[in-house]
$ cat start_17.pdb   # PDB, C-alpha atoms and all ligand atoms
ATOM      1  CA  MET Q   1     153.869 229.485 114.405  1.00  0.00           C
ATOM      2  CA  SER Q   2     156.564 226.930 115.238  1.00  0.00           C
ATOM      3  CA  ALA Q   3     158.646 227.253 118.404  1.00  0.00           C
ATOM      4  CA  SER Q   4     161.777 228.018 116.407  1.00  0.00           C
ATOM      5  CA  SER Q   5     160.226 230.781 114.321  1.00  0.00           C
ATOM      6  CA  SER Q   6     158.627 232.459 117.346  1.00  0.00           C
ATOM      7  CA  SER Q   7     161.684 232.346 119.590  1.00  0.00           C
ATOM      8  CA  ARG Q   8     164.201 235.144 119.291  1.00  0.00           C
ATOM      9  CA  ILE Q   9     167.823 234.911 120.292  1.00  0.00           C
ATOM     10  CA  THR Q  10     168.047 237.607 122.942  1.00  0.00           C
ATOM     11  CA  PRO Q  11     171.458 238.850 124.016  1.00  0.00           C
ATOM     12  CA  GLY Q  12     172.377 238.400 127.677  1.00  0.00           C
ATOM     13  CA  ALA Q  13     172.704 241.232 130.113  1.00  0.00           C
ATOM     14  CA  LEU Q  14     175.000 244.131 129.246  1.00  0.00           C
ATOM     15  CA  GLY Q  15     177.495 245.264 131.891  1.00  0.00           C
ATOM     16  CA  ILE Q  16     178.659 248.875 132.029  1.00  0.00           C
ATOM     17  CA  LEU Q  17     181.823 249.971 133.814  1.00  0.00           C
ATOM     18  CA  GLY Q  18     182.434 253.701 133.894  1.00  0.00           C
ATOM     19  CA  GLY Q  19     185.544 255.254 135.368  1.00  0.00           C
ATOM     20  CA  THR Q  20     188.234 257.824 134.834  1.00  0.00           C
ATOM     21  CA  PHE Q  21     190.731 255.017 134.096  1.00  0.00           C
ATOM     22  CA  ASP Q  22     193.618 257.368 134.869  1.00  0.00           C
ATOM     23  CA  PRO Q  23     195.151 254.780 134.299  1.00  0.00           C
ATOM     24  CA  ILE Q  24     193.128 251.551 133.942  1.00  0.00           C
ATOM     25  CA  HIS Q  25     194.533 248.766 136.164  1.00  0.00           C
ATOM     26  CA  PHE Q  26     193.995 245.156 137.219  1.00  0.00           C
ATOM     27  CA  GLY Q  27     191.461 246.253 139.867  1.00  0.00           C
ATOM     28  CA  HIS Q  28     189.162 247.421 137.047  1.00  0.00           C
ATOM     29  CA  LEU Q  29     189.814 244.377 134.877  1.00  0.00           C
ATOM     30  CA  ARG Q  30     189.178 241.805 137.630  1.00  0.00           C
ATOM     31  CA  LEU Q  31     186.086 243.763 138.695  1.00  0.00           C
ATOM     32  CA  ALA Q  32     184.658 243.542 135.172  1.00  0.00           C
ATOM     33  CA  GLN Q  33     185.658 239.908 134.663  1.00  0.00           C
ATOM     34  CA  GLU Q  34     184.403 238.616 138.002  1.00  0.00           C
ATOM     35  CA  VAL Q  35     181.085 240.467 137.790  1.00  0.00           C
ATOM     36  CA  ALA Q  36     180.664 239.235 134.193  1.00  0.00           C
ATOM     37  CA  ASP Q  37     181.284 235.663 135.349  1.00  0.00           C
ATOM     38  CA  ALA Q  38     179.023 235.915 138.406  1.00  0.00           C
ATOM     39  CA  LEU Q  39     176.121 237.420 136.446  1.00  0.00           C
ATOM     40  CA  SER Q  40     176.760 235.679 133.080  1.00  0.00           C
ATOM     41  CA  LEU Q  41     176.982 239.033 131.306  1.00  0.00           C
ATOM     42  CA  SER Q  42     177.349 238.771 127.546  1.00  0.00           C
ATOM     43  CA  GLU Q  43     179.413 241.968 127.235  1.00  0.00           C
ATOM     44  CA  VAL Q  44     181.013 244.602 129.428  1.00  0.00           C
ATOM     45  CA  ARG Q  45     181.305 248.151 128.088  1.00  0.00           C
ATOM     46  CA  PHE Q  46     184.195 250.182 129.421  1.00  0.00           C
ATOM     47  CA  ILE Q  47     183.151 253.831 129.310  1.00  0.00           C
ATOM     48  CA  PRO Q  48     185.932 256.310 130.142  1.00  0.00           C
ATOM     49  CA  ALA Q  49     184.515 259.501 131.671  1.00  0.00           C
ATOM     50  CA  GLY Q  50     184.941 262.764 129.800  1.00  0.00           C
ATOM     51  CA  THR Q  51     184.693 265.549 132.360  1.00  0.00           C
ATOM     52  CA  PRO Q  52     183.503 263.672 135.449  1.00  0.00           C
ATOM     53  CA  PRO Q  53     181.091 265.689 137.619  1.00  0.00           C
ATOM     54  CA  HIS Q  54     181.736 263.906 140.937  1.00  0.00           C
ATOM     55  CA  ARG Q  55     185.467 264.233 141.255  1.00  0.00           C
ATOM     56  CA  ALA Q  56     188.588 266.138 140.243  1.00  0.00           C
ATOM     57  CA  THR Q  57     189.377 266.444 136.546  1.00  0.00           C
ATOM     58  CA  PRO Q  58     191.577 263.528 135.418  1.00  0.00           C
ATOM     59  CA  GLN Q  59     195.279 264.306 135.140  1.00  0.00           C
ATOM     60  CA  THR Q  60     195.514 262.665 131.767  1.00  0.00           C
ATOM     61  CA  SER Q  61     193.738 263.677 128.578  1.00  0.00           C
ATOM     62  CA  ALA Q  62     190.806 261.624 127.374  1.00  0.00           C
ATOM     63  CA  VAL Q  63     192.817 260.553 124.310  1.00  0.00           C
ATOM     64  CA  HIS Q  64     195.399 258.811 126.522  1.00  0.00           C
ATOM     65  CA  ARG Q  65     192.865 257.341 128.964  1.00  0.00           C
ATOM     66  CA  VAL Q  66     190.864 255.888 126.082  1.00  0.00           C
ATOM     67  CA  ALA Q  67     194.025 254.520 124.449  1.00  0.00           C
ATOM     68  CA  MET Q  68     195.082 252.812 127.705  1.00  0.00           C
ATOM     69  CA  VAL Q  69     191.654 251.162 128.046  1.00  0.00           C
ATOM     70  CA  LYS Q  70     191.942 249.976 124.439  1.00  0.00           C
ATOM     71  CA  GLU Q  71     195.330 248.413 125.168  1.00  0.00           C
ATOM     72  CA  ALA Q  72     194.135 246.804 128.403  1.00  0.00           C
ATOM     73  CA  ILE Q  73     191.028 245.103 126.984  1.00  0.00           C
ATOM     74  CA  ALA Q  74     192.298 244.214 123.506  1.00  0.00           C
ATOM     75  CA  ASP Q  75     192.633 240.488 124.215  1.00  0.00           C
ATOM     76  CA  ASN Q  76     189.259 239.994 125.912  1.00  0.00           C
ATOM     77  CA  PRO Q  77     186.332 239.402 123.527  1.00  0.00           C
ATOM     78  CA  LEU Q  78     183.848 240.113 126.335  1.00  0.00           C
ATOM     79  CA  PHE Q  79     185.130 243.654 126.834  1.00  0.00           C
ATOM     80  CA  VAL Q  80     184.204 246.559 124.561  1.00  0.00           C
ATOM     81  CA  LEU Q  81     185.391 250.179 124.633  1.00  0.00           C
ATOM     82  CA  ASP Q  82     182.618 252.769 124.415  1.00  0.00           C
ATOM     83  CA  GLU Q  83     183.865 256.299 123.797  1.00  0.00           C
ATOM     84  CA  ARG Q  84     180.579 258.171 124.000  1.00  0.00           C
ATOM     85  CA  GLU Q  85     181.380 260.111 127.200  1.00  0.00           C
ATOM     86  CA  THR Q  86     184.751 261.398 126.038  1.00  0.00           C
ATOM     87  CA  ARG Q  87     183.161 262.486 122.758  1.00  0.00           C
ATOM     88  CA  ARG Q  88     180.361 264.371 124.485  1.00  0.00           C
ATOM     89  CA  GLU Q  89     180.750 268.104 125.199  1.00  0.00           C
ATOM     90  CA  GLY Q  90     180.450 269.200 128.821  1.00  0.00           C
ATOM     91  CA  LEU Q  91     179.990 267.063 131.928  1.00  0.00           C
ATOM     92  CA  SER Q  92     179.494 263.295 131.654  1.00  0.00           C
ATOM     93  CA  TYR Q  93     176.443 262.221 133.606  1.00  0.00           C
ATOM     94  CA  SER Q  94     175.941 258.478 133.978  1.00  0.00           C
ATOM     95  CA  VAL Q  95     172.181 258.921 133.901  1.00  0.00           C
ATOM     96  CA  ASP Q  96     172.433 260.364 130.360  1.00  0.00           C
ATOM     97  CA  THR Q  97     174.757 257.572 129.230  1.00  0.00           C
ATOM     98  CA  LEU Q  98     172.424 254.937 130.633  1.00  0.00           C
ATOM     99  CA  ALA Q  99     169.375 256.564 129.034  1.00  0.00           C
ATOM    100  CA  ALA Q 100     171.150 256.463 125.672  1.00  0.00           C
ATOM    101  CA  LEU Q 101     172.161 252.815 126.163  1.00  0.00           C
ATOM    102  CA  ARG Q 102     168.617 251.921 127.187  1.00  0.00           C
ATOM    103  CA  ALA Q 103     167.262 253.551 124.001  1.00  0.00           C
ATOM    104  CA  GLU Q 104     169.778 251.604 121.895  1.00  0.00           C
ATOM    105  CA  GLN Q 105     169.402 248.246 123.620  1.00  0.00           C
ATOM    106  CA  GLY Q 106     165.607 248.244 123.908  1.00  0.00           C
ATOM    107  CA  ALA Q 107     163.389 248.060 126.963  1.00  0.00           C
ATOM    108  CA  ALA Q 108     163.892 244.353 127.711  1.00  0.00           C
ATOM    109  CA  ARG Q 109     167.659 243.807 127.823  1.00  0.00           C
ATOM    110  CA  PRO Q 110     168.975 243.928 131.383  1.00  0.00           C
ATOM    111  CA  LEU Q 111     171.634 246.603 131.853  1.00  0.00           C
ATOM    112  CA  VAL Q 112     173.983 246.243 134.807  1.00  0.00           C
ATOM    113  CA  LEU Q 113     175.975 249.236 136.029  1.00  0.00           C
ATOM    114  CA  ILE Q 114     179.106 247.848 137.681  1.00  0.00           C
ATOM    115  CA  MET Q 115     180.886 249.716 140.471  1.00  0.00           C
ATOM    116  CA  GLY Q 116     183.145 249.238 143.446  1.00  0.00           C
ATOM    117  CA  ALA Q 117     181.819 249.770 146.973  1.00  0.00           C
ATOM    118  CA  ASP Q 118     183.632 253.121 147.246  1.00  0.00           C
ATOM    119  CA  ALA Q 119     181.688 254.418 144.258  1.00  0.00           C
ATOM    120  CA  PHE Q 120     178.395 253.065 145.589  1.00  0.00           C
ATOM    121  CA  LEU Q 121     178.899 254.771 148.966  1.00  0.00           C
ATOM    122  CA  ALA Q 122     178.940 258.107 147.097  1.00  0.00           C
ATOM    123  CA  PHE Q 123     176.144 257.185 144.688  1.00  0.00           C
ATOM    124  CA  HIS Q 124     173.645 259.586 146.322  1.00  0.00           C
ATOM    125  CA  ARG Q 125     175.789 262.472 145.056  1.00  0.00           C
ATOM    126  CA  TRP Q 126     175.402 261.426 141.419  1.00  0.00           C
ATOM    127  CA  HIS Q 127     173.215 263.582 139.196  1.00  0.00           C
ATOM    128  CA  ARG Q 128     169.588 262.287 139.287  1.00  0.00           C
ATOM    129  CA  TRP Q 129     170.752 259.090 140.990  1.00  0.00           C
ATOM    130  CA  PRO Q 130     167.258 257.730 141.795  1.00  0.00           C
ATOM    131  CA  ASP Q 131     166.449 257.786 138.052  1.00  0.00           C
ATOM    132  CA  ILE Q 132     169.289 255.345 137.417  1.00  0.00           C
ATOM    133  CA  PHE Q 133     167.282 252.537 139.044  1.00  0.00           C
ATOM    134  CA  SER Q 134     164.702 252.743 136.260  1.00  0.00           C
ATOM    135  CA  LEU Q 135     167.457 252.370 133.642  1.00  0.00           C
ATOM    136  CA  ALA Q 136     169.793 249.680 135.021  1.00  0.00           C
ATOM    137  CA  HIS Q 137     170.534 247.223 137.778  1.00  0.00           C
ATOM    138  CA  ILE Q 138     173.598 247.944 139.886  1.00  0.00           C
ATOM    139  CA  ALA Q 139     176.280 245.380 140.703  1.00  0.00           C
ATOM    140  CA  VAL Q 140     178.364 246.499 143.675  1.00  0.00           C
ATOM    141  CA  ALA Q 141     181.651 244.739 144.258  1.00  0.00           C
ATOM    142  CA  HIS Q 142     183.624 244.818 147.433  1.00  0.00           C
ATOM    143  CA  ARG Q 143     186.712 246.993 147.392  1.00  0.00           C
ATOM    144  CA  PRO Q 144     189.388 247.124 150.085  1.00  0.00           C
ATOM    145  CA  GLY Q 145     188.812 250.192 152.239  1.00  0.00           C
ATOM    146  CA  ALA Q 146     185.080 250.575 151.506  1.00  0.00           C
ATOM    147  CA  ALA Q 147     182.433 248.622 153.412  1.00  0.00           C
ATOM    148  CA  LEU Q 148     178.813 248.564 152.325  1.00  0.00           C
ATOM    149  CA  MET Q 149     177.712 248.566 155.968  1.00  0.00           C
ATOM    150  CA  GLN Q 150     178.925 252.183 156.054  1.00  0.00           C
ATOM    151  CA  ILE Q 151     176.207 253.766 153.903  1.00  0.00           C
ATOM    152  CA  ASN Q 152     175.846 257.162 155.555  1.00  0.00           C
ATOM    153  CA  ASP Q 153     173.096 258.637 153.422  1.00  0.00           C
ATOM    154  CA  ALA Q 154     169.624 257.667 154.661  1.00  0.00           C
ATOM    155  CA  ALA Q 155     167.971 257.743 151.221  1.00  0.00           C
ATOM    156  CA  LEU Q 156     170.683 255.563 149.707  1.00  0.00           C
ATOM    157  CA  ALA Q 157     170.532 253.119 152.626  1.00  0.00           C
ATOM    158  CA  GLN Q 158     166.775 252.862 152.126  1.00  0.00           C
ATOM    159  CA  GLU Q 159     167.119 252.163 148.393  1.00  0.00           C
ATOM    160  CA  PHE Q 160     169.828 249.607 149.092  1.00  0.00           C
ATOM    161  CA  ALA Q 161     167.604 247.756 151.584  1.00  0.00           C
ATOM    162  CA  ARG Q 162     164.608 247.884 149.244  1.00  0.00           C
ATOM    163  CA  ARG Q 163     166.358 246.881 146.020  1.00  0.00           C
ATOM    164  CA  ARG Q 164     168.988 244.431 147.235  1.00  0.00           C
ATOM    165  CA  ALA Q 165     168.743 241.111 145.363  1.00  0.00           C
ATOM    166  CA  ASP Q 166     169.098 237.927 147.430  1.00  0.00           C
ATOM    167  CA  ASN Q 167     170.247 235.954 144.416  1.00  0.00           C
ATOM    168  CA  VAL Q 168     171.259 236.503 140.820  1.00  0.00           C
ATOM    169  CA  GLU Q 169     167.951 235.186 139.444  1.00  0.00           C
ATOM    170  CA  ALA Q 170     166.127 238.080 141.130  1.00  0.00           C
ATOM    171  CA  LEU Q 171     167.970 240.388 138.743  1.00  0.00           C
ATOM    172  CA  TRP Q 172     166.534 238.826 135.630  1.00  0.00           C
ATOM    173  CA  GLN Q 173     162.916 239.342 136.618  1.00  0.00           C
ATOM    174  CA  ALA Q 174     163.223 242.919 135.362  1.00  0.00           C
ATOM    175  CA  PRO Q 175     165.610 244.809 133.061  1.00  0.00           C
ATOM    176  CA  ALA Q 176     166.561 247.312 135.801  1.00  0.00           C
ATOM    177  CA  GLY Q 177     166.043 248.319 139.404  1.00  0.00           C
ATOM    178  CA  ARG Q 178     167.817 245.793 141.624  1.00  0.00           C
ATOM    179  CA  ILE Q 179     171.149 245.964 143.446  1.00  0.00           C
ATOM    180  CA  ALA Q 180     173.378 242.883 143.562  1.00  0.00           C
ATOM    181  CA  GLU Q 181     176.400 242.579 145.812  1.00  0.00           C
ATOM    182  CA  VAL Q 182     179.118 240.626 144.049  1.00  0.00           C
ATOM    183  CA  PRO Q 183     182.085 239.299 146.019  1.00  0.00           C
ATOM    184  CA  ILE Q 184     185.292 239.618 144.008  1.00  0.00           C
ATOM    185  CA  THR Q 185     188.987 239.054 144.634  1.00  0.00           C
ATOM    186  CA  ALA Q 186     190.093 241.933 146.846  1.00  0.00           C
ATOM    187  CA  LEU Q 187     192.798 243.856 145.012  1.00  0.00           C
ATOM    188  CA  ASP Q 188     193.964 246.973 146.785  1.00  0.00           C
ATOM    189  CA  ILE Q 189     194.988 248.721 143.575  1.00  0.00           C
ATOM    190  CA  SER Q 190     194.050 252.287 142.709  1.00  0.00           C
ATOM    191  CA  ALA Q 191     194.908 254.662 139.918  1.00  0.00           C
ATOM    192  CA  THR Q 192     195.938 257.172 142.596  1.00  0.00           C
ATOM    193  CA  ALA Q 193     198.581 254.779 143.947  1.00  0.00           C
ATOM    194  CA  ILE Q 194     199.833 254.009 140.434  1.00  0.00           C
ATOM    195  CA  ARG Q 195     200.171 257.708 139.624  1.00  0.00           C
ATOM    196  CA  ALA Q 196     202.031 258.270 142.907  1.00  0.00           C
ATOM    197  CA  ALA Q 197     204.383 255.369 142.185  1.00  0.00           C
ATOM    198  CA  LEU Q 198     205.209 256.654 138.711  1.00  0.00           C
ATOM    199  CA  LEU Q 199     205.668 260.194 139.934  1.00  0.00           C
ATOM    200  CA  SER Q 200     208.286 259.014 142.406  1.00  0.00           C
ATOM    201  CA  ARG Q 201     209.897 256.772 139.775  1.00  0.00           C
ATOM    202  CA  ARG Q 202     208.743 253.526 141.382  1.00  0.00           C
ATOM    203  CA  SER Q 203     207.557 250.713 139.161  1.00  0.00           C
ATOM    204  CA  ALA Q 204     203.855 250.080 138.455  1.00  0.00           C
ATOM    205  CA  ARG Q 205     204.584 246.562 137.205  1.00  0.00           C
ATOM    206  CA  TYR Q 206     202.020 243.903 138.134  1.00  0.00           C
ATOM    207  CA  LEU Q 207     199.411 246.563 138.920  1.00  0.00           C
ATOM    208  CA  THR Q 208     198.323 247.106 135.329  1.00  0.00           C
ATOM    209  CA  PRO Q 209     198.859 245.098 132.107  1.00  0.00           C
ATOM    210  CA  PRO Q 210     202.237 245.331 130.342  1.00  0.00           C
ATOM    211  CA  ALA Q 211     200.607 246.984 127.315  1.00  0.00           C
ATOM    212  CA  VAL Q 212     199.353 249.817 129.539  1.00  0.00           C
ATOM    213  CA  LEU Q 213     202.791 250.206 131.132  1.00  0.00           C
ATOM    214  CA  ALA Q 214     204.345 250.364 127.676  1.00  0.00           C
ATOM    215  CA  TYR Q 215     201.832 253.023 126.616  1.00  0.00           C
ATOM    216  CA  ILE Q 216     202.559 255.055 129.763  1.00  0.00           C
ATOM    217  CA  ASP Q 217     206.303 254.834 129.085  1.00  0.00           C
ATOM    218  CA  CYS Q 218     206.019 255.752 125.428  1.00  0.00           C
ATOM    219  CA  ASN Q 219     203.893 258.781 126.176  1.00  0.00           C
ATOM    220  CA  TYR Q 220     205.676 259.933 129.366  1.00  0.00           C
ATOM    221  CA  LEU Q 221     202.417 259.886 131.308  1.00  0.00           C
ATOM    222  CA  PHE Q 222     202.268 260.641 135.041  1.00  0.00           C
ATOM    223  CA  TYR Q 223     205.923 261.602 135.287  1.00  0.00           C
ATOM    224  CA  LYS Q 224     206.735 265.128 136.349  1.00  0.00           C
ATOM    225  CA  GLY Q 225     208.513 266.503 133.336  1.00  0.00           C
ATOM    226  CA  LYS Q 226     209.770 264.377 130.486  1.00  0.00           C
ATOM    227  CA  LEU Q 227     212.265 261.622 131.101  1.00  0.00           C
TER     228      LEU Q 227
HETATM  229  P1  LIG A 301     191.442 256.956 141.468  1.00  0.00           P
HETATM  230  O1  LIG A 301     192.447 256.287 142.376  1.00  0.00           O
HETATM  231  O2  LIG A 301     192.058 257.918 140.470  1.00  0.00           O
HETATM  232  O3  LIG A 301     190.300 257.562 142.238  1.00  0.00           O
HETATM  233  P2  LIG A 301     190.299 254.363 140.813  1.00  0.00           P
HETATM  234  O4  LIG A 301     191.437 253.405 140.863  1.00  0.00           O
HETATM  235  O5  LIG A 301     189.340 254.390 141.973  1.00  0.00           O
HETATM  236  O6  LIG A 301     190.822 255.842 140.502  1.00  0.00           O
HETATM  237  P3  LIG A 301     188.198 254.747 138.862  1.00  0.00           P
HETATM  238  O7  LIG A 301     188.450 254.885 137.405  1.00  0.00           O
HETATM  239  O8  LIG A 301     187.814 255.957 139.611  1.00  0.00           O
HETATM  240  O9  LIG A 301     189.526 254.066 139.489  1.00  0.00           O
HETATM  241  O10 LIG A 301     187.172 253.579 139.176  1.00  0.00           O
HETATM  242  C1  LIG A 301     186.166 253.180 138.275  1.00  0.00           C
HETATM  243  C2  LIG A 301     185.323 252.118 138.951  1.00  0.00           C
HETATM  244  O11 LIG A 301     186.112 250.964 139.256  1.00  0.00           O
HETATM  245  C3  LIG A 301     184.698 252.557 140.286  1.00  0.00           C
HETATM  246  O12 LIG A 301     183.376 252.010 140.370  1.00  0.00           O
HETATM  247  C4  LIG A 301     185.594 251.912 141.326  1.00  0.00           C
HETATM  248  O13 LIG A 301     184.902 251.633 142.528  1.00  0.00           O
HETATM  249  C5  LIG A 301     186.000 250.627 140.633  1.00  0.00           C
HETATM  250  N1  LIG A 301     187.317 250.139 141.071  1.00  0.00           N
HETATM  251  C6  LIG A 301     188.508 250.710 140.833  1.00  0.00           C
HETATM  252  N2  LIG A 301     189.500 250.023 141.384  1.00  0.00           N
HETATM  253  C7  LIG A 301     188.937 248.959 141.999  1.00  0.00           C
HETATM  254  C8  LIG A 301     189.459 247.854 142.776  1.00  0.00           C
HETATM  255  N3  LIG A 301     190.765 247.735 143.036  1.00  0.00           N
HETATM  256  N4  LIG A 301     188.571 246.951 143.262  1.00  0.00           N
HETATM  257  C9  LIG A 301     187.223 247.092 143.013  1.00  0.00           C
HETATM  258  N5  LIG A 301     186.682 248.104 142.301  1.00  0.00           N
HETATM  259  C10 LIG A 301     187.513 249.028 141.797  1.00  0.00           C
END
$ encode --input "start_17.pdb" --output "structure tokens" --more "lines below"
Ligand code: ATP
Amino acid sequence: MSASSSSRITPGALGILGGTFDPIHFGHLRLAQEVADALSLSEVRFIPAGTPPHRATPQTSAVHRVAMVKEAIADNPLFVLDERETRREGLSYSVDTLAALRAEQGAARPLVLIMGADAFLAFHRWHRWPDIFSLAHIAVAHRPGAALMQINDAALAQEFARRRADNVEALWQAPAGRIAEVPITALDISATAIRAALLSRRSARYLTPPAVLAYIDCNYLFYKGKL
């Protein structure tokens, strides 16, 4: 068999960014872009949570949160919206989403679950969290206000020490199971602060893309009562 007929074109690693996106903002977009660049990901899936198990129910309906993600990522060919969690009945568990993605993508393609340090510090509270290491790598990015040195849970600290990758290449020796720390531009932006700004009639300009702001305005989101 010739080299060309035996070689397959394999897609690069797939990044996965879950969140409530209530609303999506530049913190999410830079996180996805900078991790994609650092790890040469060939795609990042944005997966809005349906009913998230680890936190309060989002203020905004899934229809609006999905629509805002669609607006925010429309001009980036690397970014793809994945609506599976908002279409699923009941709680959205990341472990189920990752198991489904693993089944679709095959055993060999590296999957990389992307999260900010604040999310990683609470990772030991996620449903069946140790099982996630057999499904995906984790890329943890620094986020203002959350330091990875502050892992309080002993089991999580142990996994972090054991699985931490010294360099990016270490990630590609297996399709899952390592943790990479990725330094990104520190942007102290949160959906909570955006909601608070809008509620008190302050502008959210320059915190989220203009298309998201326009969507928020058109649909009177986050304001108390209609304008
Ligand atoms: P909220 O303020 O409502 O809690 P949020 O701004 O933290 O929301 P989420 O949708 O909960 O946004 O976050 C989804 C993921 O994006 C999480 O892994 C979170 O750590 C990460 N993330 C959000 N904002 C930033 C940011 N500014 N810098 C780095 N990571 C971020």
$ residues_around --input "start_17.pdb" --residues "Q:Arg30" --least-positions-apart "3" --cutoff "9 Å" --atoms "all atoms listed in the file" --output "list in words"
His25, Phe26, Gly27, Gln33, Glu34, Val35, Ile184, Thr185 and Leu187 of chain Q
$ write_last_selection --input "start_17.pdb" --atoms "C-alpha atoms" --output "short mmCIF file (atom, residue, chain, number, x, y, z; two decimals), in the coordinates of the input"
data_model
loop_
_atom_site.label_atom_id
_atom_site.label_comp_id
_atom_site.auth_asym_id
_atom_site.auth_seq_id
_atom_site.Cartn_x
_atom_site.Cartn_y
_atom_site.Cartn_z
CA HIS Q 25 194.53 248.77 136.16
CA PHE Q 26 194.00 245.16 137.22
CA GLY Q 27 191.46 246.25 139.87
CA GLN Q 33 185.66 239.91 134.66
CA GLU Q 34 184.40 238.62 138.00
CA VAL Q 35 181.08 240.47 137.79
CA ILE Q 184 185.29 239.62 144.01
CA THR Q 185 188.99 239.05 144.63
CA LEU Q 187 192.80 243.86 145.01
#
$ resolve_selection --input "start_17.pdb" --expression "the PyMOL selection byres (((not hetatm)) within 6 of (chain A and resi 301))" --output "list in words"
Gly18, Gly19, Thr20, Phe21, Asp22, Gly27, His28, Leu31, Met115, Gly116, Ala117, Asp118, Ala119, Arg143, Leu187, Asp188, Ile189, Ser190, Ala191 and Thr192 of chain Q
$ residues_around --input "start_17.pdb" --residues "stretch 155-162 of chain Q" --least-positions-apart "2" --cutoff "12 Å" --atoms "all atoms listed in the file" --output "number ranges by chain"
Q: 120-126, 129-133, 137-140, 148-153, 164-166, 177-181
$ closest_atom_pairs --input "start_17.pdb" --of "stretch 30-135 of chain Q" --to "stretch 171-175 of chain Q" --cutoff "7 Å" --atoms "all atoms listed in the file" --output "Markdown table"
| residue | atom | partner | partner_atom | distance |
| --- | --- | --- | --- | --- |
| Q:Ala108 | CA | Q:Pro175 | CA | 5.6 |
| Q:Arg109 | CA | Q:Pro175 | CA | 5.7 |
| Q:Pro110 | CA | Q:Pro175 | CA | 3.9 |
| Q:Leu111 | CA | Q:Pro175 | CA | 6.4 |
$ atom_distance --input "start_17.pdb" --atom1 "atom CA of Q:Gly15" --atom2 "atom CA of Q:Val80"
10.0 Å
$ atom_distance --input "start_17.pdb" --atom1 "atom CA of Q:Pro210" --atom2 "atom CA of Q:Ile24"
11.6 Å
$ resolve_selection --input "start_17.pdb" --expression "the PyMOL selection byres (((chain Q and resi 99) around 12) and not hetatm)" --output "NGL selection string"
:Q and (93-98 or 100-107 or 111 or 128 or 131-136 or 176)
$ resolve_selection --input "start_17.pdb" --expression "the PyMOL selection byres (((chain Q and resi 213) around 12) and not hetatm)" --output "ChimeraX atom specification"
/Q:23-26,67-69,71-72,194-195,198,203-212,214-222
$ atom_distance --input "start_17.pdb" --atom1 "atom CA of Q:Lys70" --atom2 "atom CA of Q:Pro144"
25.9 Å
$ residues_near_point --input "start_17.pdb" --point "(181.1, 264.4, 125.3)" --cutoff "12 Å" --atoms "all atoms listed in the file" --output "JSON list (two decimals) with C-alpha atoms, in the frame of the given file"
[["chain", "number", "residue", "atom", "x", "y", "z"],
["Q", 47, "ILE", "CA", 183.15, 253.83, 129.31],
["Q", 48, "PRO", "CA", 185.93, 256.31, 130.14],
["Q", 49, "ALA", "CA", 184.52, 259.50, 131.67],
["Q", 50, "GLY", "CA", 184.94, 262.76, 129.80],
["Q", 51, "THR", "CA", 184.69, 265.55, 132.36],
["Q", 52, "PRO", "CA", 183.50, 263.67, 135.45],
["Q", 62, "ALA", "CA", 190.81, 261.62, 127.37],
["Q", 82, "ASP", "CA", 182.62, 252.77, 124.42],
["Q", 83, "GLU", "CA", 183.86, 256.30, 123.80],
["Q", 84, "ARG", "CA", 180.58, 258.17, 124.00],
["Q", 85, "GLU", "CA", 181.38, 260.11, 127.20],
["Q", 86, "THR", "CA", 184.75, 261.40, 126.04],
["Q", 87, "ARG", "CA", 183.16, 262.49, 122.76],
["Q", 88, "ARG", "CA", 180.36, 264.37, 124.48],
["Q", 89, "GLU", "CA", 180.75, 268.10, 125.20],
["Q", 90, "GLY", "CA", 180.45, 269.20, 128.82],
["Q", 91, "LEU", "CA", 179.99, 267.06, 131.93],
["Q", 92, "SER", "CA", 179.49, 263.30, 131.65],
["Q", 93, "TYR", "CA", 176.44, 262.22, 133.61],
["Q", 94, "SER", "CA", 175.94, 258.48, 133.98],
["Q", 96, "ASP", "CA", 172.43, 260.36, 130.36],
["Q", 97, "THR", "CA", 174.76, 257.57, 129.23]]
$ closest_residue --input "start_17.pdb" --among "Q:Ile73, Q:Val112, Q:Phe46, Q:Arg201" --to "Q:Val168" --atoms "all atoms listed in the file"
Q:Val112
$ residues_around --input "start_17.pdb" --residues "Q:Ala32" --least-positions-apart "4" --cutoff "8 Å" --atoms "only C-alpha atoms" --output "list in words"
Leu17, His28, Ala36, Val44 and Ile114 of chain Q
$ closest_residue --input "start_17.pdb" --among "Q:Asp75, Q:Val63, Q:Ala154, Q:Tyr223" --to "Q:Leu29" --atoms "all atoms listed in the file"
Q:Asp75
$ axis_aligned_box --input "start_17.pdb" --around "stretch 206-215 of chain Q" --padding-each-side "6 Å" --output "AutoDock Vina command-line options"
--center_x 201.3 --center_y 248.5 --center_z 132.8 --size_x 18.0 --size_y 21.1 --size_z 24.3
$ decode --input "start_17.pdb" --residues "stretch 95-100 of chain Q" --atoms "N, CA and C atoms" --output "short mmCIF file (atom, residue, chain, number, x, y, z; two decimals), in the first residue's frame"
data_model
loop_
_atom_site.label_atom_id
_atom_site.label_comp_id
_atom_site.auth_asym_id
_atom_site.auth_seq_id
_atom_site.Cartn_x
_atom_site.Cartn_y
_atom_site.Cartn_z
N VAL Q 95 -20.45 15.04 31.84
CA VAL Q 95 -19.93 13.69 31.58
C VAL Q 95 -20.77 13.00 30.49
N ASP Q 96 -22.08 13.25 30.47
CA ASP Q 96 -22.93 12.65 29.44
C ASP Q 96 -22.66 13.28 28.07
N THR Q 97 -22.48 14.59 28.07
CA THR Q 97 -22.17 15.30 26.82
C THR Q 97 -20.85 14.79 26.24
N LEU Q 98 -19.87 14.65 27.11
CA LEU Q 98 -18.55 14.21 26.63
C LEU Q 98 -18.59 12.76 26.16
N ALA Q 99 -19.39 11.93 26.83
CA ALA Q 99 -19.51 10.53 26.39
C ALA Q 99 -20.14 10.48 25.00
N ALA Q 100 -21.12 11.33 24.77
CA ALA Q 100 -21.77 11.37 23.45
C ALA Q 100 -20.79 11.88 22.39
#
